[in-house]
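Q: Input coords_18.cif, format and content: mmCIF, C-alpha atoms.
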data_target
#
loop_
_atom_site.group_PDB
_atom_site.id
_atom_site.type_symbol
_atom_site.label_atom_id
_atom_site.label_comp_id
_atom_site.auth_asym_id
_atom_site.auth_seq_id
_atom_site.Cartn_x
_atom_site.Cartn_y
_atom_site.Cartn_z
ATOM 1 C CA MET N 1 83.605 137.343 92.029
ATOM 2 C CA GLU N 2 81.172 138.243 89.237
ATOM 3 C CA PHE N 3 78.595 135.975 90.876
ATOM 4 C CA PHE N 4 79.059 137.535 94.322
ATOM 5 C CA THR N 5 78.905 141.040 92.881
ATOM 6 C CA ALA N 6 75.663 140.207 91.078
ATOM 7 C CA LEU N 7 74.176 138.551 94.168
ATOM 8 C CA SER N 8 75.114 141.470 96.423
ATOM 9 C CA GLN N 9 73.487 143.857 93.943
ATOM 10 C CA ARG N 10 70.357 141.622 93.784
ATOM 11 C CA ASP N 11 70.751 141.571 89.996
ATOM 12 C CA LEU N 12 69.271 138.336 88.612
ATOM 13 C CA ASP N 13 70.240 139.074 85.026
ATOM 14 C CA ALA N 14 73.870 139.458 86.096
ATOM 15 C CA VAL N 15 73.625 136.301 88.239
ATOM 16 C CA ALA N 16 72.329 134.385 85.210
ATOM 17 C CA ARG N 17 75.375 135.408 83.192
ATOM 18 C CA THR N 18 77.623 133.620 85.722
ATOM 19 C CA LEU N 19 75.742 130.297 85.526
ATOM 20 C CA HIS N 20 75.555 127.297 83.219
ATOM 21 C CA PHE N 21 72.057 125.993 82.574
ATOM 22 C CA PRO N 22 70.701 123.656 83.647
ATOM 23 C CA PHE N 23 72.000 124.860 87.015
ATOM 24 C CA ALA N 24 71.451 123.196 90.401
ATOM 25 C CA ILE N 25 71.818 124.485 93.946
ATOM 26 C CA TYR N 26 71.575 122.756 97.320
ATOM 27 C CA GLU N 27 69.819 125.290 99.511
ATOM 28 C CA ASP N 28 68.611 122.739 102.017
ATOM 29 C CA ILE N 29 69.331 119.009 101.714
ATOM 30 C CA GLU N 30 68.148 118.372 98.165
ATOM 31 C CA PRO N 31 68.963 120.249 94.955
ATOM 32 C CA ILE N 32 66.799 122.851 93.250
ATOM 33 C CA LEU N 33 67.078 122.656 89.467
ATOM 34 C CA VAL N 34 66.909 125.785 87.313
ATOM 35 C CA GLU N 35 66.562 124.951 83.634
ATOM 36 C CA ASN N 36 67.305 128.335 82.057
ATOM 37 C CA ALA N 37 67.764 132.053 82.645
ATOM 38 C CA ALA N 38 64.069 132.782 82.133
ATOM 39 C CA GLU N 39 63.192 130.319 84.894
ATOM 40 C CA LEU N 40 65.766 131.929 87.172
ATOM 41 C CA ARG N 41 64.197 135.338 86.660
ATOM 42 C CA ALA N 42 60.634 134.037 87.085
ATOM 43 C CA ALA N 43 61.210 131.835 90.143
ATOM 44 C CA PRO N 44 64.704 132.274 91.599
ATOM 45 C CA PRO N 45 65.911 129.931 94.361
ATOM 46 C CA PRO N 46 65.357 131.586 97.762
ATOM 47 C CA THR N 47 69.081 132.340 98.284
ATOM 48 C CA MET N 48 69.103 134.373 95.072
ATOM 49 C CA ASN N 49 65.666 135.916 95.363
ATOM 50 C CA GLY N 50 65.879 139.636 96.011
ATOM 51 C CA THR N 51 62.753 140.346 93.947
ATOM 52 C CA ARG N 52 60.363 140.527 96.966
ATOM 53 C CA ARG N 53 58.205 137.935 95.142
ATOM 54 C CA GLY N 54 57.923 134.375 96.408
ATOM 55 C CA PRO N 55 60.097 132.546 98.983
ATOM 56 C CA SER N 56 63.290 134.448 99.784
ATOM 57 C CA ARG N 57 66.256 134.256 102.131
ATOM 58 C CA ILE N 58 67.212 137.846 101.359
ATOM 59 C CA SER N 59 65.628 140.332 103.748
ATOM 60 C CA ALA N 60 64.563 143.694 102.372
ATOM 61 C CA GLY N 61 67.361 146.250 102.354
ATOM 62 C CA SER N 62 70.034 143.805 103.529
ATOM 63 C CA TYR N 63 73.578 143.927 102.183
ATOM 64 C CA ASP N 64 76.453 141.451 101.956
ATOM 65 C CA LEU N 65 80.178 141.750 102.715
ATOM 66 C CA LEU N 66 82.624 139.240 101.246
ATOM 67 C CA GLU N 67 84.699 137.357 103.834
ATOM 68 C CA GLY N 68 86.800 135.071 101.636
ATOM 69 C CA VAL N 69 87.240 132.892 98.559
ATOM 70 C CA ASN N 70 89.234 129.651 98.482
ATOM 71 C CA VAL N 71 90.301 127.287 95.693
ATOM 72 C CA HIS N 72 89.902 123.583 96.494
ATOM 73 C CA LEU N 73 90.173 121.914 93.077
ATOM 74 C CA TYR N 74 91.416 122.954 89.664
ATOM 75 C CA CYS N 75 91.984 121.290 86.304
ATOM 76 C CA PRO N 76 91.720 122.311 82.616
ATOM 77 C CA VAL N 77 87.924 121.911 82.550
ATOM 78 C CA GLY N 78 86.783 122.859 86.038
ATOM 79 C CA GLY N 79 87.424 124.042 89.549
ATOM 80 C CA VAL N 80 85.736 124.019 92.934
ATOM 81 C CA PHE N 81 85.708 127.126 95.105
ATOM 82 C CA SER N 82 84.280 128.126 98.466
ATOM 83 C CA LEU N 83 82.913 131.611 99.077
ATOM 84 C CA SER N 84 81.861 133.065 102.429
ATOM 85 C CA PHE N 85 80.051 136.297 103.162
ATOM 86 C CA THR N 86 78.285 138.050 106.023
ATOM 87 C CA ARG N 87 74.820 139.564 105.611
ATOM 88 C CA TYR N 88 73.621 142.632 107.491
ATOM 89 C CA THR N 89 70.306 144.403 107.929
ATOM 90 C CA ALA N 90 69.840 147.783 106.268
ATOM 91 C CA ASN N 91 70.825 149.524 109.513
ATOM 92 C CA GLY N 92 74.007 147.465 109.957
ATOM 93 C CA HIS N 93 73.059 144.664 112.337
ATOM 94 C CA LYS N 94 74.434 141.238 111.515
ATOM 95 C CA LEU N 95 71.909 138.709 110.234
ATOM 96 C CA LEU N 96 73.952 135.659 109.275
ATOM 97 C CA ASP N 97 77.039 134.109 107.746
ATOM 98 C CA CYS N 98 76.808 132.180 104.472
ATOM 99 C CA ASP N 99 79.305 129.484 103.451
ATOM 100 C CA GLY N 100 78.986 128.254 99.888
ATOM 101 C CA ILE N 101 80.779 125.861 97.548
ATOM 102 C CA TYR N 102 80.674 126.254 93.774
ATOM 103 C CA SER N 103 81.623 123.968 90.901
ATOM 104 C CA VAL N 104 82.826 126.145 88.013
ATOM 105 C CA THR N 105 83.188 124.340 84.689
ATOM 106 C CA ASN N 106 84.288 125.025 81.137
ATOM 107 C CA ASN N 107 81.442 123.932 78.880
ATOM 108 C CA ASP N 108 82.102 124.450 75.196
ATOM 109 C CA GLY N 109 84.650 127.200 75.871
ATOM 110 C CA ARG N 110 82.673 129.141 78.475
ATOM 111 C CA TRP N 111 83.453 129.210 82.206
ATOM 112 C CA ALA N 112 80.474 129.438 84.585
ATOM 113 C CA ILE N 113 78.962 127.916 87.736
ATOM 114 C CA GLN N 114 77.155 124.598 87.194
ATOM 115 C CA LEU N 115 76.409 123.453 90.766
ATOM 116 C CA ALA N 116 76.400 125.195 94.156
ATOM 117 C CA SER N 117 75.511 124.539 97.781
ATOM 118 C CA THR N 118 74.977 127.066 100.563
ATOM 119 C CA ILE N 119 74.911 126.793 104.349
ATOM 120 C CA PHE N 120 73.571 129.659 106.460
ATOM 121 C CA HIS N 121 74.606 130.292 110.053
ATOM 122 C CA GLU N 122 72.227 132.688 111.744
ATOM 123 C CA ARG N 123 73.652 135.155 114.229
ATOM 124 C CA GLY N 124 74.623 133.202 117.331
ATOM 125 C CA TYR N 125 75.205 129.950 115.420
ATOM 126 C CA GLU N 126 78.536 130.902 113.866
ATOM 127 C CA GLY N 127 81.230 128.342 114.564
ATOM 128 C CA ASN N 128 78.854 125.640 115.808
ATOM 129 C CA ARG N 129 80.608 122.298 115.408
ATOM 130 C CA HIS N 130 78.987 119.143 114.041
ATOM 131 C CA PRO N 131 81.346 116.265 114.904
ATOM 132 C CA ASP N 132 78.891 113.643 113.642
ATOM 133 C CA ALA N 133 79.265 115.003 110.095
ATOM 134 C CA GLU N 134 83.061 114.793 110.345
ATOM 135 C CA LEU N 135 83.179 111.352 111.953
ATOM 136 C CA THR N 136 80.774 109.559 109.616
ATOM 137 C CA HIS N 137 82.468 111.010 106.537
ATOM 138 C CA ARG N 138 85.942 110.016 107.737
ATOM 139 C CA VAL N 139 85.023 106.484 108.863
ATOM 140 C CA GLY N 140 82.992 105.633 105.759
ATOM 141 C CA SER N 141 85.559 107.036 103.353
ATOM 142 C CA GLN N 142 88.571 105.310 104.902
ATOM 143 C CA GLY N 143 86.623 102.063 105.199
ATOM 144 C CA TYR N 144 85.986 102.088 101.468
ATOM 145 C CA LEU N 145 89.555 103.069 100.561
ATOM 146 C CA ALA N 146 91.035 100.378 102.805
ATOM 147 C CA GLN N 147 89.434 97.640 100.691
ATOM 148 C CA PHE N 148 91.821 98.451 97.823
ATOM 149 C CA GLY N 149 94.815 97.789 100.039
ATOM 150 C CA TYR N 150 93.211 94.636 101.385
ATOM 151 C CA ARG N 151 92.610 93.521 97.761
ATOM 152 C CA ASN N 152 89.045 92.780 98.772
ATOM 153 C CA GLU N 153 87.448 92.786 95.345
ATOM 154 C CA GLU N 154 84.301 91.020 96.499
ATOM 155 C CA ILE N 155 83.501 93.818 98.945
ATOM 156 C CA LEU N 156 84.413 96.510 96.403
ATOM 157 C CA ASN N 157 82.060 94.948 93.875
ATOM 158 C CA ASP N 158 79.180 94.799 96.374
ATOM 159 C CA ARG N 159 77.019 97.910 96.169
ATOM 160 C CA SER N 160 74.924 96.828 99.162
ATOM 161 C CA THR N 161 77.878 97.351 101.536
ATOM 162 C CA GLY N 162 78.702 100.782 100.132
ATOM 163 C CA ARG N 163 81.750 99.059 98.591
ATOM 164 C CA GLY N 164 83.243 98.614 102.035
ATOM 165 C CA SER N 165 82.153 101.884 103.584
ATOM 166 C CA TYR N 166 79.145 100.094 105.110
ATOM 167 C CA GLU N 167 77.265 103.363 104.841
ATOM 168 C CA PRO N 168 73.573 102.740 104.071
ATOM 169 C CA GLU N 169 71.890 104.471 101.170
ATOM 170 C CA LEU N 170 69.864 107.604 101.754
ATOM 171 C CA PRO N 171 66.063 107.123 101.821
ATOM 172 C CA VAL N 172 64.249 106.254 98.610
ATOM 173 C CA GLY N 173 63.141 109.386 96.789
ATOM 174 C CA THR N 174 66.146 111.497 97.827
ATOM 175 C CA ARG N 175 67.249 113.659 94.912
ATOM 176 C CA ARG N 176 70.943 114.236 94.234
ATOM 177 C CA ALA N 177 73.023 116.429 91.932
ATOM 178 C CA SER N 178 76.698 116.215 91.053
ATOM 179 C CA VAL N 179 79.258 117.496 88.579
ATOM 180 C CA SER N 180 81.783 115.345 86.753
ATOM 181 C CA PHE N 181 84.835 116.797 85.052
ATOM 182 C CA GLY N 182 84.542 113.802 82.729
ATOM 183 C CA TYR N 183 87.985 112.254 83.126
ATOM 184 C CA GLY N 184 88.438 109.434 85.623
ATOM 185 C CA PRO N 185 91.691 108.550 87.456
ATOM 186 C CA ARG N 186 92.289 105.349 85.489
ATOM 187 C CA ASP N 187 91.903 107.069 82.136
ATOM 188 C CA ARG N 188 94.065 109.982 83.252
ATOM 189 C CA SER N 189 96.864 107.634 84.311
ATOM 190 C CA ARG N 190 96.603 105.526 81.180
ATOM 191 C CA ASP N 191 96.615 108.487 78.787
ATOM 192 C CA ALA N 192 99.465 110.294 80.570
ATOM 193 C CA ARG N 193 101.597 107.155 80.536
ATOM 194 C CA ASN N 194 100.971 106.800 76.815
ATOM 195 C CA GLY N 195 102.071 110.370 76.110
ATOM 196 C CA ARG N 196 98.559 111.818 75.745
ATOM 197 C CA PRO N 197 98.076 113.678 79.053
ATOM 198 C CA MET N 198 95.434 116.100 77.753
ATOM 199 C CA THR N 199 93.265 113.666 75.796
ATOM 200 C CA GLY N 200 90.353 113.558 78.209
ATOM 201 C CA TRP N 201 90.154 117.237 79.076
ATOM 202 C CA ARG N 202 87.374 117.999 76.595
ATOM 203 C CA THR N 203 85.488 121.285 76.381
ATOM 204 C CA SER N 204 84.323 121.507 72.767
ATOM 205 C CA GLY N 205 80.779 120.260 72.378
ATOM 206 C CA VAL N 206 80.221 119.778 76.124
ATOM 207 C CA SER N 207 76.908 121.466 76.929
ATOM 208 C CA SER N 208 76.577 120.417 80.574
ATOM 209 C CA ARG N 209 78.517 118.539 83.270
ATOM 210 C CA LEU N 210 75.579 118.305 85.679
ATOM 211 C CA ASN N 211 74.227 114.885 86.650
ATOM 212 C CA LEU N 212 70.880 114.442 88.404
ATOM 213 C CA SER N 213 69.615 111.280 90.061
ATOM 214 C CA GLU N 214 67.137 109.974 92.623
ATOM 215 C CA VAL N 215 67.548 107.183 95.139
ATOM 216 C CA THR N 216 65.318 104.229 94.221
ATOM 217 C CA ALA N 217 64.679 100.842 95.779
ATOM 218 C CA SER N 218 67.376 99.387 93.526
ATOM 219 C CA THR N 219 69.998 102.038 94.275
ATOM 220 C CA GLY N 220 72.825 100.407 96.172
ATOM 221 C CA THR N 221 71.989 96.893 94.996
ATOM 222 C CA GLY N 222 73.794 94.646 92.532
ATOM 223 C CA THR N 223 77.483 94.509 91.776
ATOM 224 C CA LEU N 224 80.280 96.349 89.979
ATOM 225 C CA GLN N 225 83.416 95.106 88.266
ATOM 226 C CA THR N 226 86.261 96.862 90.091
ATOM 227 C CA ASN N 227 89.006 94.972 88.194
ATOM 228 C CA LEU N 228 91.625 95.257 90.921
ATOM 229 C CA ASP N 229 94.407 93.816 88.772
ATOM 230 C CA GLU N 230 94.036 96.659 86.259
ATOM 231 C CA PHE N 231 93.658 99.171 89.068
ATOM 232 C CA ALA N 232 96.836 98.083 90.864
ATOM 233 C CA GLU N 233 98.901 98.210 87.658
ATOM 234 C CA LEU N 234 97.697 101.704 86.761
ATOM 235 C CA ALA N 235 97.891 102.998 90.340
ATOM 236 C CA GLY N 236 101.552 102.108 90.893
ATOM 237 C CA GLY N 237 102.987 102.852 87.484
ATOM 238 C CA ALA N 238 106.548 104.112 87.360
ATOM 239 C CA VAL N 239 106.778 104.584 91.150
ATOM 240 C CA GLY N 240 106.516 100.909 92.091
ATOM 241 C CA ASP N 241 103.928 98.335 93.102
ATOM 242 C CA TYR N 242 100.758 99.876 94.525
ATOM 243 C CA ASP N 243 100.060 98.634 98.051
ATOM 244 C CA TYR N 244 97.510 100.752 99.941
ATOM 245 C CA THR N 245 95.433 103.939 100.053
ATOM 246 C CA ARG N 246 94.858 106.517 102.775
ATOM 247 C CA LEU N 247 92.128 109.113 103.099
ATOM 248 C CA ARG N 248 93.613 112.551 102.448
ATOM 249 C CA PRO N 249 95.324 113.924 105.566
ATOM 250 C CA ASP N 250 93.536 117.296 105.810
ATOM 251 C CA ARG N 251 91.751 117.813 109.124
ATOM 252 C CA PRO N 252 89.028 118.691 109.566
ATOM 253 C CA LEU N 253 87.564 117.156 106.426
ATOM 254 C CA VAL N 254 84.387 119.194 106.842
ATOM 255 C CA LEU N 255 84.655 122.693 105.368
ATOM 256 C CA HIS N 256 81.243 123.908 106.541
ATOM 257 C CA ALA N 257 78.396 122.192 108.349
ATOM 258 C CA THR N 258 75.001 122.616 109.902
ATOM 259 C CA HIS N 259 72.669 120.070 111.521
ATOM 260 C CA ASP N 260 71.672 118.409 108.251
ATOM 261 C CA LYS N 261 74.237 119.315 105.584
ATOM 262 C CA ALA N 262 78.011 119.432 105.264
ATOM 263 C CA HIS N 263 80.503 120.486 102.607
ATOM 264 C CA VAL N 264 83.325 117.961 102.765
ATOM 265 C CA LEU N 265 86.800 117.327 101.386
ATOM 266 C CA GLY N 266 87.348 113.911 99.843
ATOM 267 C CA GLY N 267 90.148 112.159 98.036
ATOM 268 C CA TYR N 268 93.024 109.839 98.759
ATOM 269 C CA TRP N 269 96.789 109.369 98.770
ATOM 270 C CA ARG N 270 98.170 106.141 97.241
ATOM 271 C CA TYR N 271 101.403 104.461 98.424
ATOM 272 C CA THR N 272 103.805 101.605 97.795
ATOM 273 C CA ALA N 273 104.426 99.140 100.644
ATOM 274 C CA ASP N 274 107.390 101.136 101.987
ATOM 275 C CA GLY N 275 105.332 104.344 102.250
ATOM 276 C CA THR N 276 106.474 106.000 99.016
ATOM 277 C CA LEU N 277 103.827 108.415 97.727
ATOM 278 C CA ILE N 278 102.365 107.501 94.338
ATOM 279 C CA SER N 279 99.602 110.064 93.795
ATOM 280 C CA GLN N 280 97.203 112.502 95.417
ATOM 281 C CA THR N 281 93.567 112.784 94.335
ATOM 282 C CA ARG N 282 91.223 115.432 95.721
ATOM 283 C CA SER N 283 87.465 115.948 95.638
ATOM 284 C CA VAL N 284 84.736 118.084 97.209
ATOM 285 C CA ALA N 285 81.218 116.871 97.976
ATOM 286 C CA VAL N 286 77.937 117.535 99.753
ATOM 287 C CA ARG N 287 76.711 115.241 102.527
ATOM 288 C CA ILE N 288 73.233 115.416 104.040
ATOM 289 C CA TYR N 289 71.483 114.034 107.100
ATOM 290 C CA LYS N 290 68.176 112.406 106.201
ATOM 291 C CA GLY N 291 66.235 109.444 107.521
ATOM 292 C CA GLY N 292 68.390 109.278 110.637
ATOM 293 C CA ARG N 293 71.752 109.004 108.901
ATOM 294 C CA TRP N 294 74.407 110.917 106.975
ATOM 295 C CA GLY N 295 75.021 110.062 103.330
ATOM 296 C CA ASP N 296 76.618 111.318 100.137
ATOM 297 C CA ALA N 297 74.387 113.701 98.225
ATOM 298 C CA GLY N 298 76.648 114.655 95.317
ATOM 299 C CA GLY N 299 80.154 115.578 94.254
ATOM 300 C CA LEU N 300 81.334 118.878 92.797
ATOM 301 C CA GLY N 301 84.393 117.438 91.077
ATOM 302 C CA GLN N 302 87.493 115.260 91.427
ATOM 303 C CA VAL N 303 91.076 115.841 90.273
ATOM 304 C CA THR N 304 94.313 113.862 90.570
ATOM 305 C CA HIS N 305 96.305 116.773 91.883
ATOM 306 C CA HIS N 306 99.748 115.141 92.002
ATOM 307 C CA ASP N 307 100.535 111.957 90.054
ATOM 308 C CA ARG N 308 103.983 110.372 90.098
ATOM 309 C CA SER N 309 102.801 107.089 88.565
ATOM 310 C CA ASN N 310 103.660 108.238 85.030
ATOM 311 C CA SER N 311 106.934 110.012 85.891
ATOM 312 C CA VAL N 312 109.959 109.433 83.697
ATOM 313 C CA GLY N 313 113.163 108.835 85.662
#
Here is the file; what I need is its structure written in the form of structure tokens.

A:
Amino acid sequence: MEFFTALSQRDLDAVARTLHFPFAIYEDIEPILVENAAELRAAPPPTMNGTRRGPSRISAGSYDLLEGVNVHLYCPVGGVFSLSFTRYTANGHKLLDCDGIYSVTNNDGRWAIQLASTIFHERGYEGNRHPDAELTHRVGSQGYLAQFGYRNEEILNDRSTGRGSYEPELPVGTRRASVSFGYGPRDRSRDARNGRPMTGWRTSGVSSRLNLSEVTASTGTGTLQTNLDEFAELAGGAVGDYDYTRLRPDRPLVLHATHDKAHVLGGYWRYTADGTLISQTRSVAVRIYKGGRWGDAGGLGQVTHHDRSNSVG
């Protein structure tokens, strides 16, 4: 709310106080990096630029009305939120809707926004559907998750197949940004089972949770070591033997979309063979359309929301 208030007042100093630096924002299909508050003031990203200097997506005299805020992820060190607002001209005519997602993290005791992505819908384009964004995300994600149930370690280790999603890499040179809360599902399960459920939720000394990368010719090549035996033991835990994984049941999986970018829900539910729920993991990500295909551009965070694998009967 502090961020939206500052943005609606076109107050860059107040906006800066709501951000972690370095800060990244997806305005179009690749992230803009802002290293510090001075850089924000000198050359703000167009969606934040009410200075009347340089590229701007804020028309002179326009004003914004908040439409809603939603919580999609939360944990001790971070959360992911969506925020929507409508922008009007100075004389009250609607210009556009804006749908944004924001990764808010606790870095060294301070909560602020580390990564954001915005999608604008000009007047007349509100509610336009993009079924290709939904379909490719759903098919690729469930294809990858199914390999765990099939115990297909060879496919899961193979980066060239998208680990079973069969989704090709984005074009070489594509820049990506993501946020990690720094505590993976295997470590969370292991620590909780050993009576140390908060071990990995670190804030002290963490200066940034932002990760930047670029697709190269070698991205998506080589192999990983999935270690399915370890995975299956940790995944089932006290509930029973892990058997299979399903893509989370929320529909649609796309929160917001335009022709070349989508904000998507990710995650998975794990089960025993008889359909008993083991755990629920949730995530939020950005997907982009580039080079004739949709692909993952970066995650805003992942949390195991409900975990029964370490329950004590």

Q: Evaluate the PyMOL selection byres ((chain N and resi 211) around 10) on the structure here and hand back the selected residues as a ChimeraX atom specification.

A: /N:22,24,115,176-180,208-210,212-213,298-299

Q: Can you write just those residues out, C-alpha atoms, as a PDB file, in the coordinates of the input?

A:
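For reference, selection-v5.pdb as written:
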ATOM      1  CA  PRO N  22      70.701 123.656  83.647  1.00  0.00           C
ATOM      2  CA  ALA N  24      71.451 123.196  90.401  1.00  0.00           C
ATOM      3  CA  LEU N 115      76.409 123.453  90.766  1.00  0.00           C
ATOM      4  CA  ARG N 176      70.943 114.236  94.234  1.00  0.00           C
ATOM      5  CA  ALA N 177      73.023 116.429  91.932  1.00  0.00           C
ATOM      6  CA  SER N 178      76.698 116.215  91.053  1.00  0.00           C
ATOM      7  CA  VAL N 179      79.258 117.496  88.579  1.00  0.00           C
ATOM      8  CA  SER N 180      81.783 115.345  86.753  1.00  0.00           C
ATOM      9  CA  SER N 208      76.577 120.417  80.574  1.00  0.00           C
ATOM     10  CA  ARG N 209      78.517 118.539  83.270  1.00  0.00           C
ATOM     11  CA  LEU N 210      75.579 118.305  85.679  1.00  0.00           C
ATOM     12  CA  LEU N 212      70.880 114.442  88.404  1.00  0.00           C
ATOM     13  CA  SER N 213      69.615 111.280  90.061  1.00  0.00           C
ATOM     14  CA  GLY N 298      76.648 114.655  95.317  1.00  0.00           C
ATOM     15  CA  GLY N 299      80.154 115.578  94.254  1.00  0.00           C
TER      16      GLY N 299
END

Q: May I have the residues within 7 Å of Asp158 of chain N as a PyMOL selection string, using all atoms listed in the file and disregarding those fewer than 4 positions away in the same chain?

A: chain N and resi 154+163+222-224

Q: Between N:Ala297, N:Asp191, N:Val172, N:His72, which is the closest to Thr216 of chain N once you count only C-alpha atoms?

A: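 The closest residue to Thr216 of chain N is N:Val172.
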
Q: So which residues touch Thr245 of chain N within 10 Å, counting only C-alpha atoms, skipping near sequence neighbours fewer than 3 positions away, as a short mmCIF file (atom, residue, chain, number, x, y, z; two decimals) with C-alpha atoms, keeping the file's coordinate frame?

A:
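Everything below was put into part13.cif:
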data_model
loop_
_atom_site.label_atom_id
_atom_site.label_comp_id
_atom_site.auth_asym_id
_atom_site.auth_seq_id
_atom_site.Cartn_x
_atom_site.Cartn_y
_atom_site.Cartn_z
CA GLN N 142 88.57 105.31 104.90
CA TYR N 144 85.99 102.09 101.47
CA LEU N 145 89.56 103.07 100.56
CA ALA N 146 91.04 100.38 102.80
CA GLN N 147 89.43 97.64 100.69
CA PHE N 148 91.82 98.45 97.82
CA GLY N 149 94.82 97.79 100.04
CA TYR N 150 93.21 94.64 101.38
CA TYR N 242 100.76 99.88 94.52
CA ARG N 248 93.61 112.55 102.45
CA GLY N 267 90.15 112.16 98.04
CA TYR N 268 93.02 109.84 98.76
CA TRP N 269 96.79 109.37 98.77
CA ARG N 270 98.17 106.14 97.24
CA TYR N 271 101.40 104.46 98.42
CA THR N 272 103.80 101.60 97.80
CA LEU N 277 103.83 108.42 97.73
CA ILE N 278 102.36 107.50 94.34
CA SER N 279 99.60 110.06 93.80
CA GLN N 280 97.20 112.50 95.42
#

Q: I need the residue set behind the PyMOL selection byres ((chain N and resi 257) around 9) for this file; please write it as a ChimeraX atom specification.

A: /N:99,119,128-130,133-134,254-256,258-264

Q: Quick one: which residues end up in the PyMOL selection byres ((chain N and resi 136) around 12) for this structure, as a count of residues only?

A: 28

Q: List as a PyMOL selection string the protein and nucleic acid residues near segment 232-238 of chain N, meaning an atom at most 7 Å away when only C-alpha atoms are counted, but skip any in the same chain fewer than 6 places from it.

A: chain N and resi 186+189-190+278+309-311

Q: Please produce an output containing C-alpha atoms for each residue in the selection, written as a short mmCIF file (atom, residue, chain, number, x, y, z; two decimals), in the coordinates of the input.

A:
data_model
loop_
_atom_site.label_atom_id
_atom_site.label_comp_id
_atom_site.auth_asym_id
_atom_site.auth_seq_id
_atom_site.Cartn_x
_atom_site.Cartn_y
_atom_site.Cartn_z
CA ARG N 186 92.29 105.35 85.49
CA SER N 189 96.86 107.63 84.31
CA ARG N 190 96.60 105.53 81.18
CA ILE N 278 102.36 107.50 94.34
CA SER N 309 102.80 107.09 88.56
CA ASN N 310 103.66 108.24 85.03
CA SER N 311 106.93 110.01 85.89
#

Q: If I take atom CA of Arg202 of chain N and atom CA of Ser103 of chain N, how far is one from the other in Å, to one decimal?

A: 16.5 Å
